[in-house]
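Have a look at run08.cif below; it lists mmCIF, C-alpha atoms and all ligand atoms.
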```cif
data_final
#
loop_
_atom_site.label_atom_id
_atom_site.label_comp_id
_atom_site.auth_asym_id
_atom_site.auth_seq_id
_atom_site.Cartn_x
_atom_site.Cartn_y
_atom_site.Cartn_z
CA MET Q 1340 -4.18 -8.97 19.11
CA LYS Q 1341 -6.82 -10.24 16.72
CA LYS Q 1342 -6.15 -9.10 13.14
CA GLY Q 1343 -8.79 -7.68 10.84
CA THR Q 1344 -10.18 -9.69 7.94
CA VAL Q 1345 -10.03 -8.76 4.28
CA PHE Q 1346 -13.43 -8.92 2.58
CA VAL Q 1347 -13.43 -8.83 -1.19
CA LEU Q 1348 -16.64 -7.83 -2.88
CA SER Q 1349 -16.73 -8.54 -6.62
CA GLY Q 1350 -19.45 -8.46 -9.19
CA PRO Q 1351 -19.69 -7.24 -12.76
CA ALA Q 1352 -20.50 -3.65 -13.63
CA GLY Q 1353 -24.23 -3.23 -13.00
CA SER Q 1354 -24.39 -5.84 -10.24
CA GLY Q 1355 -24.97 -3.12 -7.65
CA LYS Q 1356 -21.85 -3.72 -5.60
CA SER Q 1357 -21.08 -0.04 -4.96
CA THR Q 1358 -24.62 0.50 -3.69
CA VAL Q 1359 -24.35 -2.53 -1.39
CA ARG Q 1360 -20.91 -1.50 -0.13
CA GLU Q 1361 -22.02 2.11 0.49
CA ALA Q 1362 -25.07 0.88 2.43
CA LEU Q 1363 -22.83 -1.45 4.45
CA MET Q 1364 -20.43 1.36 5.32
CA LYS Q 1365 -23.32 3.51 6.56
CA ARG Q 1366 -24.02 0.93 9.26
CA GLY Q 1367 -20.91 2.13 11.06
CA LEU Q 1368 -19.40 -1.32 11.60
CA ASN Q 1369 -15.73 -2.05 12.13
CA PHE Q 1370 -14.92 -1.76 8.41
CA HIS Q 1371 -12.49 0.32 6.44
CA TYR Q 1372 -13.34 0.77 2.77
CA SER Q 1373 -10.16 0.56 0.74
CA ILE Q 1374 -9.92 3.43 -1.74
CA SER Q 1375 -8.30 2.17 -4.91
CA ASP Q 1376 -6.09 4.00 -7.36
CA THR Q 1377 -7.10 4.04 -11.01
CA THR Q 1378 -5.95 5.55 -14.28
CA ARG Q 1379 -9.49 5.96 -15.59
CA LYS Q 1380 -11.02 9.42 -15.73
CA PRO Q 1381 -13.42 10.44 -12.94
CA ARG Q 1382 -17.11 10.02 -13.78
CA GLY Q 1383 -19.54 12.82 -12.92
CA GLY Q 1384 -19.56 13.51 -9.20
CA GLU Q 1385 -16.58 11.33 -8.34
CA VAL Q 1386 -14.06 12.92 -6.04
CA ASP Q 1387 -10.30 12.25 -5.98
CA GLY Q 1388 -9.29 10.62 -2.73
CA VAL Q 1389 -12.88 9.66 -1.90
CA ASP Q 1390 -14.06 7.41 -4.72
CA TYR Q 1391 -10.63 6.64 -6.12
CA GLY Q 1392 -7.16 8.06 -6.17
CA PHE Q 1393 -7.12 9.23 -9.80
CA VAL Q 1394 -3.56 8.91 -11.05
CA THR Q 1395 -1.68 8.99 -14.34
CA ARG Q 1396 -0.45 5.81 -16.04
CA GLN Q 1397 3.10 6.83 -15.30
CA ARG Q 1398 2.41 7.24 -11.59
CA PHE Q 1399 0.56 3.95 -11.44
CA GLU Q 1400 3.39 2.08 -13.15
CA GLU Q 1401 5.93 3.68 -10.81
CA GLY Q 1402 3.75 2.53 -7.92
CA ILE Q 1403 3.71 -1.05 -9.25
CA ALA Q 1404 7.51 -1.01 -9.55
CA ARG Q 1405 7.86 0.24 -5.96
CA GLY Q 1406 5.52 -2.46 -4.65
CA ASP Q 1407 2.93 0.11 -3.55
CA TYR Q 1408 -0.01 -2.07 -4.64
CA TYR Q 1409 -1.32 -5.07 -2.72
CA GLU Q 1410 -2.97 -6.18 -5.94
CA HIS Q 1411 -3.64 -4.56 -9.29
CA ALA Q 1412 -5.31 -5.39 -12.58
CA ILE Q 1413 -6.18 -3.91 -15.94
CA TYR Q 1414 -9.91 -3.58 -16.52
CA THR Q 1415 -11.18 -2.39 -19.93
CA GLY Q 1416 -7.80 -0.85 -20.66
CA GLU Q 1417 -7.29 1.05 -17.39
CA TYR Q 1418 -5.24 0.23 -14.30
CA TYR Q 1419 -6.95 -0.36 -10.96
CA GLY Q 1420 -5.13 -1.26 -7.77
CA THR Q 1421 -5.35 -1.50 -3.99
CA PRO Q 1422 -2.62 0.56 -2.31
CA VAL Q 1423 -0.86 -1.40 0.45
CA SER Q 1424 -1.47 1.65 2.65
CA GLN Q 1425 -5.24 1.12 2.33
CA LEU Q 1426 -5.03 -2.41 3.63
CA THR Q 1427 -2.09 -3.55 5.75
CA PRO Q 1428 -2.18 -0.95 8.58
CA TYR Q 1429 -5.91 -1.56 9.11
CA ILE Q 1430 -5.67 -5.35 9.14
CA GLU Q 1431 -2.73 -5.16 11.54
CA SER Q 1432 -4.70 -3.00 13.96
CA GLY Q 1433 -7.74 -5.31 13.95
CA VAL Q 1434 -9.96 -3.42 11.52
CA ASN Q 1435 -11.75 -5.33 8.74
CA VAL Q 1436 -11.11 -4.02 5.25
CA ILE Q 1437 -13.54 -4.21 2.37
CA LEU Q 1438 -12.18 -4.21 -1.16
CA GLU Q 1439 -14.56 -3.62 -4.01
CA ILE Q 1440 -12.50 -5.06 -6.85
CA GLU Q 1441 -12.72 -7.15 -10.02
CA VAL Q 1442 -11.96 -10.85 -10.27
CA ASN Q 1443 -8.27 -10.86 -11.24
CA GLY Q 1444 -7.42 -8.67 -8.28
CA ALA Q 1445 -9.60 -10.87 -6.07
CA MET Q 1446 -7.62 -13.95 -7.12
CA GLN Q 1447 -4.36 -12.17 -6.19
CA VAL Q 1448 -5.77 -11.36 -2.75
CA LYS Q 1449 -6.87 -14.96 -2.24
CA LYS Q 1450 -3.36 -16.16 -3.06
CA LYS Q 1451 -1.71 -13.72 -0.66
CA ASP Q 1452 -4.12 -14.04 2.22
CA LYS Q 1453 -5.74 -17.40 2.91
CA ASN Q 1454 -8.06 -15.79 5.45
CA ALA Q 1455 -9.52 -13.31 2.95
CA VAL Q 1456 -13.24 -13.79 2.39
CA LEU Q 1457 -14.38 -13.53 -1.21
CA VAL Q 1458 -17.96 -12.55 -1.94
CA MET Q 1459 -19.54 -12.39 -5.38
CA LEU Q 1460 -22.60 -10.28 -5.98
CA LEU Q 1461 -24.79 -10.95 -9.01
CA PRO Q 1462 -28.20 -9.95 -10.30
CA PRO Q 1463 -30.60 -12.79 -11.18
CA SER Q 1464 -29.65 -13.03 -14.88
CA TYR Q 1465 -27.38 -11.77 -17.61
CA SER Q 1466 -30.28 -9.94 -19.25
CA SER Q 1467 -31.06 -8.07 -16.02
CA LEU Q 1468 -27.39 -7.10 -15.79
CA GLU Q 1469 -27.53 -5.67 -19.31
CA ALA Q 1470 -30.71 -3.74 -18.50
CA ARG Q 1471 -29.14 -2.24 -15.36
CA LEU Q 1472 -25.96 -1.27 -17.16
CA ARG Q 1473 -27.86 0.48 -19.93
CA GLY Q 1474 -30.25 2.08 -17.46
CA ARG Q 1475 -27.35 3.72 -15.65
CA GLY Q 1476 -26.69 5.89 -18.70
CA THR Q 1477 -23.16 6.82 -17.60
CA GLU Q 1478 -21.19 5.03 -20.32
CA THR Q 1479 -20.87 5.01 -24.10
CA GLU Q 1480 -22.17 2.02 -26.09
CA GLU Q 1481 -18.59 0.90 -26.70
CA LYS Q 1482 -17.84 0.90 -22.96
CA ILE Q 1483 -21.10 -0.92 -22.19
CA LEU Q 1484 -20.26 -3.69 -24.67
CA LYS Q 1485 -16.75 -4.02 -23.20
CA ARG Q 1486 -18.19 -4.27 -19.69
CA LEU Q 1487 -20.76 -6.86 -20.75
CA GLN Q 1488 -18.07 -8.99 -22.35
CA ARG Q 1489 -16.03 -8.62 -19.21
CA ALA Q 1490 -19.05 -9.57 -17.07
CA LYS Q 1491 -19.24 -12.94 -18.83
CA GLU Q 1492 -15.61 -13.67 -17.95
CA GLU Q 1493 -16.15 -12.58 -14.35
CA VAL Q 1494 -19.21 -14.77 -13.75
CA LEU Q 1495 -17.21 -17.79 -14.91
CA LEU Q 1496 -15.00 -17.39 -11.82
CA PHE Q 1497 -18.04 -17.83 -9.57
CA ASN Q 1498 -16.73 -21.08 -8.06
CA LYS Q 1499 -13.53 -19.44 -6.83
CA TYR Q 1500 -15.54 -17.29 -4.43
CA ASP Q 1501 -16.50 -18.27 -0.89
CA TYR Q 1502 -19.94 -16.66 -0.82
CA PHE Q 1503 -22.60 -15.61 -3.27
CA LEU Q 1504 -25.09 -12.78 -2.80
CA LEU Q 1505 -28.06 -12.55 -5.13
CA ASN Q 1506 -28.94 -8.93 -5.73
CA GLU Q 1507 -32.55 -8.94 -6.85
CA ASP Q 1508 -34.30 -5.72 -7.82
CA ASN Q 1509 -34.57 -3.67 -4.62
CA GLY Q 1510 -32.39 -6.30 -2.96
CA VAL Q 1511 -29.79 -3.97 -1.49
CA ASP Q 1512 -30.97 -4.20 2.12
CA ALA Q 1513 -31.07 -8.00 1.95
CA CYS Q 1514 -27.54 -8.11 0.55
CA VAL Q 1515 -26.22 -5.79 3.24
CA ARG Q 1516 -27.79 -7.96 5.94
CA GLN Q 1517 -26.28 -11.08 4.38
CA LEU Q 1518 -22.86 -9.43 4.19
CA GLU Q 1519 -23.12 -8.58 7.88
CA ILE Q 1520 -23.92 -12.21 8.66
CA ILE Q 1521 -20.92 -13.36 6.64
CA ALA Q 1522 -18.70 -10.85 8.45
CA GLU Q 1523 -20.00 -11.92 11.83
CA ALA Q 1524 -19.40 -15.59 11.06
CA GLN Q 1525 -15.74 -14.88 10.26
CA SER Q 1526 -15.16 -13.57 13.77
CA PHE Q 1527 -15.87 -17.09 15.12
CA ARG Q 1528 -13.21 -18.79 13.02
CA THR Q 1529 -10.85 -20.84 15.16
CA LYS Q 1530 -7.85 -19.23 13.45
CA ASN Q 1531 -8.87 -15.92 14.97
CA TYR Q 1532 -8.04 -17.35 18.38
CA PRO Q 1533 -4.51 -18.72 18.06
CA ASP Q 1534 -3.79 -18.47 21.81
CA PHE Q 1535 -7.09 -19.72 23.17
CA THR Q 1536 -6.10 -23.31 23.95
CA THR Q 1537 -2.97 -22.17 25.80
CA LYS Q 1538 -5.05 -19.80 27.93
CA PHE Q 1539 -7.72 -22.47 28.39
CA PHE Q 1540 -5.32 -24.84 30.04
CA ASN Q 1541 -3.51 -22.21 32.08
CA THR Q 1542 -6.22 -20.20 33.71
P1 LIG Q 1601 -15.35 1.29 -12.30
O1 LIG Q 1601 -14.58 1.88 -13.45
O2 LIG Q 1601 -16.76 0.90 -12.70
O3 LIG Q 1601 -15.31 2.16 -11.07
O4 LIG Q 1601 -14.61 -0.06 -11.87
C1 LIG Q 1601 -14.36 -1.05 -12.82
C2 LIG Q 1601 -14.01 -2.34 -12.12
O5 LIG Q 1601 -12.77 -2.23 -11.45
C3 LIG Q 1601 -15.03 -2.75 -11.07
O6 LIG Q 1601 -15.26 -4.14 -11.19
C4 LIG Q 1601 -14.34 -2.41 -9.79
O7 LIG Q 1601 -14.79 -3.22 -8.72
C5 LIG Q 1601 -12.91 -2.75 -10.14
N1 LIG Q 1601 -11.93 -2.14 -9.25
C6 LIG Q 1601 -12.03 -1.00 -8.55
N2 LIG Q 1601 -10.92 -0.80 -7.81
C7 LIG Q 1601 -10.12 -1.88 -8.02
C8 LIG Q 1601 -8.84 -2.27 -7.52
O8 LIG Q 1601 -8.21 -1.61 -6.70
N3 LIG Q 1601 -8.33 -3.42 -7.97
C9 LIG Q 1601 -8.99 -4.21 -8.87
N4 LIG Q 1601 -8.39 -5.35 -9.22
N5 LIG Q 1601 -10.19 -3.88 -9.36
C10 LIG Q 1601 -10.76 -2.72 -8.95
#
```
What would the structure in this file look like if it were written as C-alpha cells?
Amino acid sequence: MKKGTVFVLSGPAGSGKSTVREALMKRGLNFHYSISDTTRKPRGGEVDGVDYGFVTRQRFEEGIARGDYYEHAIYTGEYYGTPVSQLTPYIESGVNVILEIEVNGAMQVKKKDKNAVLVMLLPPSYSSLEARLRGRGTETEEKILKRLQRAKEEVLLFNKYDYFLLNEDNGVDACVRQLEIIAEAQSFRTKNYPDFTTKFFNT
C-alpha cells in the first residue's frame, strides 16, 4: 500500500503559515494536521488538544526520554514537539501529514525521512514580517524581539528547503493553491510505486 507523505511547513512567526495551513485543511484533502505538544502557555482562544497539547516541562521531558516525539526543538525558551502518534500511524495508512514546525525540527524530519517534503513560507521582506508580527498584537515587545531575531536565523536555512512559497499581502489563497500543486506532484514520484515495474512485466 502506498504510504502517506510528510509535508513540513515552516516560516517565521508572522509569515502566515497557520492561516495557510488552516485554509489548506478546509479543502478536505487527504491530509492530517499533526497537533504538536508544547510547554508554552495557551494564547487567547487556543484549545488544548486542538491547537496544541499543552503540557508541563516535566511531562515533555519524560516524553522525550520515552521516545514519544518524532522531532522536538526549543523555540524562544519553550519546548515544541511532534508526537510520534500524530505522524506514524497516518503515514503508514496512506494519509499525508502536515507538520507546521520551526526549522530545527524540520531538519530532524528531513534526516529521518528522505521522502519528506519541506516547504518554506515567507512574506516579501523582513520589514513586512516585522509589521505583521507587531500588527498581530498578541505578544509582548520582548517576545516580538525574540521572534524577530529567531526569524533571521530561520530564513538563513532557506536553501535546505525543497519549495518556497511567497506569501504576499492577501496571498493566502495563492499559497494554498501552490501547496496543493506541490502535494499533487509528490504523488507522481517514482518511489511511490515500488512494485510498478514488476506488475508491468507480469500482467
Ligand atoms: P507558536 O508559539 O507561535 O505557536 O509557535 C512557535 C514556533 O514553533 C512556530 O514556528 C511553530 O511552527 C513551531 N512549532 C509548533 N509546533 C512545533 C513542533 O511540534 N515542533 C517544532 N520543532 N516546532 C514547532
Report task. May I have the residues within 7 Å of segment 1456-1471 of chain Q as a list in words, using all atoms listed in the file and disregarding those fewer than 5 positions away in the same chain? Result ->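 After dropping sequence-adjacent residues, the list is Val1345, Phe1346, Val1347, Leu1348, Ser1349, Gly1350, Gly1353, Ser1354, Lys1356, Tyr1500, Asp1501, Tyr1502, Phe1503, Leu1504, Leu1505, Asn1506 and Glu1507 of chain Q.
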Query raised in the report: Which residues come within 10 Å of Asn1435 of chain Q, counting only C-alpha atoms, excluding same-chain residues fewer than 3 positions away, as JSON, numbers by chain?
Result: {"Q": [1342, 1343, 1344, 1345, 1346, 1368, 1369, 1370, 1371, 1372, 1426, 1429, 1430, 1431, 1432, 1438, 1522]}
Report task. May I ask for the distance between atom CA of Val1359 of chain Q and atom CA of Gly1416 of chain Q, given in Å to one decimal place? Result ->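 Straight-line distance from atom CA of Val1359 of chain Q to atom CA of Gly1416 of chain Q works out to 25.5 Å.
Residues of protein, DNA or RNA lying at most 6 Å from ligand LIG 1601 (chain Q), when only C-alpha atoms and all ligand atoms are considered, are Pro1351, Ala1352, Ser1375, His1411, Ala1412, Tyr1414, Tyr1419, Gly1420, Thr1421, Glu1439, Ile1440, Glu1441, Asn1443 and Gly1444 of chain Q.
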Keeping only C-alpha atoms, take the residues you just selected and write them out as a PDB file, keeping the file's coordinate frame.
```pdb
ATOM      1  CA  PRO Q1351     -19.690  -7.240 -12.760  1.00  0.00           C
ATOM      2  CA  ALA Q1352     -20.500  -3.650 -13.630  1.00  0.00           C
ATOM      3  CA  SER Q1375      -8.300   2.170  -4.910  1.00  0.00           C
ATOM      4  CA  HIS Q1411      -3.640  -4.560  -9.290  1.00  0.00           C
ATOM      5  CA  ALA Q1412      -5.310  -5.390 -12.580  1.00  0.00           C
ATOM      6  CA  TYR Q1414      -9.910  -3.580 -16.520  1.00  0.00           C
ATOM      7  CA  TYR Q1419      -6.950  -0.360 -10.960  1.00  0.00           C
ATOM      8  CA  GLY Q1420      -5.130  -1.260  -7.770  1.00  0.00           C
ATOM      9  CA  THR Q1421      -5.350  -1.500  -3.990  1.00  0.00           C
ATOM     10  CA  GLU Q1439     -14.560  -3.620  -4.010  1.00  0.00           C
ATOM     11  CA  ILE Q1440     -12.500  -5.060  -6.850  1.00  0.00           C
ATOM     12  CA  GLU Q1441     -12.720  -7.150 -10.020  1.00  0.00           C
ATOM     13  CA  ASN Q1443      -8.270 -10.860 -11.240  1.00  0.00           C
ATOM     14  CA  GLY Q1444      -7.420  -8.670  -8.280  1.00  0.00           C
TER      15      GLY Q1444
END
```
Query - Nearest to Ile1437 of chain Q by atom-to-atom distance, counting only C-alpha atoms, from Q:Ser1357, Q:Asn1498, Q:Gln1397, Q:Thr1479 - result: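 For Ile1437 of chain Q, the nearest of the given residues is Q:Ser1357.
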Query raised in the report: Which of these residues is nearest to Tyr1418 of chain Q, using only C-alpha atoms: Q:Arg1489, Q:Arg1516, Q:Lys1341, Q:Arg1398?
Result: Q:Arg1398
Query raised in the report: Which one of Q:Arg1528, Q:Glu1480, Q:Glu1493, Q:Ile1374 sits closest to Val1389 of chain Q if you count only C-alpha atoms?
Result: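 Nearest candidate to Val1389 of chain Q out of Q:Arg1528, Q:Glu1480, Q:Glu1493, Q:Ile1374: Q:Ile1374.
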Query raised in the report: Can you tell me how far atom CA of Asp1376 of chain Q sits from atom CA of Pro1422 of chain Q, in Å to one decimal?
Result: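 Atom CA of Pro1422 of chain Q lies at a distance of 7.0 Å from atom CA of Asp1376 of chain Q.
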Query raised in the report: Quick one: distance from atom CA of Ala1404 of chain Q to atom CA of Glu1492 of chain Q in Å, one decimal?
Result: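 According to the coordinates, atom CA of Ala1404 of chain Q and atom CA of Glu1492 of chain Q are separated by 27.7 Å.
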Requested in this report: Find the spatial neighbours of Thr1378 of chain Q, counting all atoms listed in the file, within a cut-off of 8 Å - ignore same-chain residues fewer than 4 positions away - and output them as a PyMOL selection string.
Outcome: chain Q and resi 1393-1396+1399+1417-1419
**Report entry** Nearest to Thr1415 of chain Q by atom-to-atom distance, counting all atoms listed in the file, from Q:Lys1453, Q:Leu1363, Q:Arg1486, Q:Arg1382
**Finding:** Q:Arg1486
Query raised in the report: Of the residues Q:Lys1450, Q:Pro1381, Q:Asp1390, Q:Val1442, which is the one nearest to Val1494 of chain Q, using only C-alpha atoms?
Result: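 Checking each of Q:Lys1450, Q:Pro1381, Q:Asp1390, Q:Val1442 against Val1494 of chain Q, counting only C-alpha atoms, the winner is Q:Val1442.
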